[in-house]
Amino acid sequence: MNEGKKVRIRIVKRRVVRWKRVFSLLLVIGILVGSVYSFIQYRQGLAISGKGLFSQEGKNFKQFNGSLPNNGKINVLLLGSDSRGEKHSRTDSILIAQYNGKTNKPKIVSLMRDMYVDIPGHGHQKLNAAYAFGGPELLRKTIKYNFNVDINYYAIIDFKGFSKVVDAIAPEGIKVDVPHEMSSGIDMTIPKGKQYLHGDKLLGYVRFRHDELSDFGRVQRQQEVVLKLKDKVANIDNIMKIPKLLGIMDPYLDTNLSTKSMMLLAKDAVTGNMKDVQSLRLPLDGSFENKTYSDVGMVLDIDLDKNKEALQEFLNDK
């Protein structure tokens, strides 16, 4: 090889090395800028969030012995709290949210709070009594004991933050068809008919249960709103809004999910990678009786084997 060719090769190598260094420097700068921007957005969201159930005393439940996720699936226990300061209040809403990171399939299971189940150490009680007795950890054990489902993480959502999150995701509101006037027990009046509901009224819509459908109607509306909010999140113009949303949610959310995990889940929803949500409600129609027991009141006395089998098939794609 002549000297001229050697010189040209050395020059090309130096240029390649130089461009690699420039690219690495730009990548580092991009990561730093993105981190700073995310932090600023998060703080802005936190500033407008207000005081929530978890803003002062911190995250309440340190003990949660959920198993590690398996086969790319994570199961999260979603709990809606309407606590007014009680240390051991019952939870109004109990859901299992599953996400399969390999197939991008999300699933939601609504568990009726009045199901009559065996709570470890406490005998037969309503399902939501497990939360009052021992927080999300005892509720996790109860679900495992009765339905043989492993829960990996938990997230408790203060209802007061629901309105702020909805207004941030869908400032124009969520369109629903209200079947009849709703007022009892929700401190507002929602007229009958098709309309767009903003945060506070949408919360009233999903909490209302004083009609012939009772809790069954409430669970149905909860699943309806979850699906519509998921679609709204998928229509958010820019993934850069995620940190601000997490900041808004922070005072109203207690969870052992890492911020990184929540960001990844939110990214899949925003970028459209997350597929349509499948939903299930337990107990199944025709699998329970309404009964009253002197020590616990009115309950849903369920066919445990039938509901356990349905839940297993739903979560395991059988």
# chains A, B, ... in the order shown; residues from 1 in each chain; ligands from 1

$ residues_around --residues "Asn70 (chain A)" --least-positions-apart "3" --cutoff "10 Å" --atoms "only C-alpha atoms" --output "ChimeraX atom specification"
/A:67,73-75,100,150,152

$ residues_around --residues "Asp177 (chain A)" --least-positions-apart "3" --cutoff "12 Å" --atoms "only C-alpha atoms" --output "list in words"
Ile174, His180, Glu181, Met182, Ile190, Pro191, Lys192, Gly193, Lys194, Gln195, Tyr196, Leu197, Leu202, Tyr205, Arg221, Glu224 and Val225 of chain A

$ atom_distance --atom1 "CA of Asp254 (chain A)" --atom2 "CA of Gln223 (chain A)"
21.1 Å

$ select_by_dssp --residues "region 146-248 of chain A" --states "helix (DSSP H, G or I)" --output "VMD selection string"
chain A and resid 146 to 147 159 to 169 199 to 207 214 to 234 239 to 248

$ atom_distance --atom1 "CA of Gly66 (chain A)" --atom2 "CA of Ile108 (chain A)"
18.2 Å

$ select_by_dssp --residues "region 128-249 of chain A" --states "strand (DSSP E)" --output "PyMOL selection string"
chain A and resi 153-158+174-178+193-197

$ atom_distance --atom1 "CA of Thr103 (chain A)" --atom2 "CA of Asn71 (chain A)"
10.7 Å

$ closest_atom_pairs --of "region 199-296 of chain A" --to "region 116-135 of chain A" --cutoff "12 Å" --atoms "only C-alpha atoms" --output "tab-separated table"
residue	atom	partner	partner_atom	distance
A:Asp254	CA	A:Gly135	CA	11.8
A:Leu282	CA	A:Leu127	CA	11.5
A:Pro283	CA	A:Tyr116	CA	10.4
A:Phe288	CA	A:Tyr116	CA	9.7
A:Glu289	CA	A:Tyr116	CA	10.1
A:Asn290	CA	A:Tyr116	CA	10.0
A:Lys291	CA	A:Tyr116	CA	9.4
A:Thr292	CA	A:Tyr116	CA	10.3
A:Tyr293	CA	A:Gln125	CA	9.7
A:Ser294	CA	A:Gln125	CA	11.3
A:Asp295	CA	A:Gln125	CA	8.7
A:Val296	CA	A:Gln125	CA	6.5
